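Student: Take this structure, written in structure tokens, and hold onto it; I'll ask about it next.
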Amino acid sequence: MHTQVDKESVLKIKYGRLVVETTAIWKKQKALCQVIDLKLGIKTKGVYYSNMCGYGVVFDGETITNSYNNYYGYATQYNQTWTRYEHERFEPYIFDNRHITDDEANLICKLYPDFKYVYKKLNGGLCIGDVIHFVKVWLEHKQDVEMLCALGFRNFVYQKSVYKLDKKKKDMLIKFLIKKATTSDNRLKYPYLTIKECIDLSKYNNLDLDYISLREYFSYDVYLKCYKKLETKEEQDYFRWHYKDYIKMCRKTEKDIKDPYWKYPKDLKTLHDRVMAEEKNYIKVKDITQFKKLEKRIKKYIKYNSVVNGYQIGFSADSREWQEQASALHQCIVAQSYYTNTSCLLVFIKKNNIPVATAELKANKEIGQFYGNEKDRDNCKPSEEVITAFNLWLEQVKVGARL
């Protein structure tokens, strides 16, 4: 059988300690099914769980059908002994979620007189199923619990990590909560923040509260430098829904996401589409077959790789080197699949192994595109020093072309 039953929970003092007893009521039957003890924890009797119907109670003379047992598994018969319930889905508030009364609060104060101070700070009250756990944590960390409740951050009370913070981080957290939890509006937004988020945000003196609802999409610095500067709701919506995806693709294509160019995109849509195209080709870049073909094509030219005026100039069939060149110089040589282009070869120019320019050497020995860092498309011409070194290299390999 599986029957939805009424529940009745009572807070008592037994053996000198707090206890919450829950009784299941069905028709004329009553069964004590749960005891939450401040010292012994949670114990149940006759309680089982159904994925379809939730928690149920087995009364004397009743059984759970085989179909329930076989499909849902766990079942504790009522006439069995009391056992500690350790099922991961079990929470004490499943039976009764009402708030404790003032009389029950006074009962707690009989045992712990100081409880009246923290109880006054619980504007939302305290649930009967939660009271034992709350009192237990409060007894262990009175000062911290009272401070958190006073600021409206009672959700932090049950997070053990808050009590493990070192003094510096705890001071940062407290400073943030005290400074920011000053209005009712703040209280509505801030309880959803995690401890780590509070600590991270504590470094901003004038935190824009509008960011709170957007924190899952991007960091606060991105919010200030990009999102907030967008003028239309359409632009903001696009940024909110696509920035995470964009950063994910940047990581896949080995972009340096600490580089302001990538981290704070001036035109997210353009960069998003560009990186998405590059990501599609990124698999090809790693394709051994593709680079084996490129390796055969440049085999007779590798001997021309050399250092001229301190610049390393030459060809490459290394996929990772191609990706590094594209990423460092913000170039589309991977996105546009230049490594498969049989009508030209790309010449990589580096200094101290750092990419500085890329030149396109066409099959007719003419020089095509020749760019340095394309972060600024209006100013990406290589320096005169780089051009001079490249011209000397062209003379050495006897290509005949000059810039």
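Chains: A, B, ... in order of the structure tokens. Residues: from 1 per chain. Ligands: from 1, in order shown.
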What lies within 10 Å of His330 in chain A using only C-alpha atoms, ignoring chain neighbours under 5 positions off, as a list of chain:residue names?

Tutor: A:Lys255, A:Tyr261, A:Trp262, A:Glu324, A:Gln325, A:Gly372, A:Asn373, A:Glu374, A:Lys375, A:Asp376, A:Arg377

Student: Using DSSP on the backbone coordinates, identify all residues within range 164-312 of chain A classified as strand (DSSP E or B); present the result as a PyMOL selection string.

Tutor: chain A and resi 306-308+311-312

Student: Would you export the selected residues with N, CA and C atoms as an mmCIF file, in the first residue's frame, please?

Tutor:
data_model
loop_
_atom_site.group_PDB
_atom_site.id
_atom_site.type_symbol
_atom_site.label_atom_id
_atom_site.label_comp_id
_atom_site.auth_asym_id
_atom_site.auth_seq_id
_atom_site.Cartn_x
_atom_site.Cartn_y
_atom_site.Cartn_z
ATOM 1 N N SER A 306 65.096 29.474 -40.954
ATOM 2 C CA SER A 306 66.344 30.042 -40.423
ATOM 3 C C SER A 306 66.054 31.245 -39.528
ATOM 4 N N VAL A 307 67.108 31.758 -38.918
ATOM 5 C CA VAL A 307 67.008 32.941 -38.062
ATOM 6 C C VAL A 307 67.676 34.103 -38.786
ATOM 7 N N VAL A 308 66.921 35.182 -38.974
ATOM 8 C CA VAL A 308 67.426 36.363 -39.669
ATOM 9 C C VAL A 308 67.204 37.592 -38.787
ATOM 10 N N TYR A 311 65.056 37.033 -35.906
ATOM 11 C CA TYR A 311 63.695 36.532 -36.146
ATOM 12 C C TYR A 311 63.754 35.110 -36.702
ATOM 13 N N GLN A 312 62.904 34.236 -36.137
ATOM 14 C CA GLN A 312 62.800 32.865 -36.648
ATOM 15 C C GLN A 312 61.764 32.869 -37.764
#

Student: Mind giving me the straight-line distance from CA of Leu268 in chain A to CA of Phe239 in chain A in Å, one decimal?

Tutor: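 These two atoms are separated by 6.9 Å.
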
Student: Do a neighbour search on Lys263 in chain A at 8 Å with only C-alpha atoms, toss out local chain neighbours closer than 3 positions, and write the hits as JSON, numbers by chain.

Tutor: {"A": [222, 247, 257, 258, 259, 260]}

Student: Only C-alpha atoms, please: the residues just picked out, written as a PDB file, in the first residue's frame.

Tutor:
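Below you can see part.pdb, which holds the result:
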ATOM      1  CA  VAL A 222      32.985  41.424 -17.789  1.00  0.00           C
ATOM      2  CA  ILE A 247      34.487  31.453 -23.734  1.00  0.00           C
ATOM      3  CA  ILE A 257      41.114  34.014 -22.232  1.00  0.00           C
ATOM      4  CA  LYS A 258      43.087  36.276 -19.919  1.00  0.00           C
ATOM      5  CA  ASP A 259      43.921  38.404 -22.934  1.00  0.00           C
ATOM      6  CA  PRO A 260      41.541  41.428 -22.817  1.00  0.00           C
TER       7      PRO A 260
END

Student: Find the spatial neighbours of Met249 in chain A, counting only C-alpha atoms, within a cut-off of 7 Å - ignore same-chain residues fewer than 6 positions away - and output them as a short mmCIF file (atom, residue, chain, number, x, y, z; two decimals) with N, CA and C atoms, in the first residue's frame.

Tutor:
data_model
loop_
_atom_site.label_atom_id
_atom_site.label_comp_id
_atom_site.auth_asym_id
_atom_site.auth_seq_id
_atom_site.Cartn_x
_atom_site.Cartn_y
_atom_site.Cartn_z
N VAL A 275 35.07 32.43 -33.79
CA VAL A 275 35.63 31.35 -32.99
C VAL A 275 34.86 30.04 -33.21
N MET A 276 33.55 30.18 -33.46
CA MET A 276 32.75 28.98 -33.73
C MET A 276 33.21 28.31 -35.02
N GLU A 279 36.46 26.69 -34.28
CA GLU A 279 36.30 25.47 -33.50
C GLU A 279 35.95 24.29 -34.41
#

Student: Using only C-alpha atoms, pick whichever of A:Lys169, A:Glu235, A:Glu216, A:Ile128 has the shortest atom-to-atom distance to Lys203 in chain A.

Tutor: A:Lys169
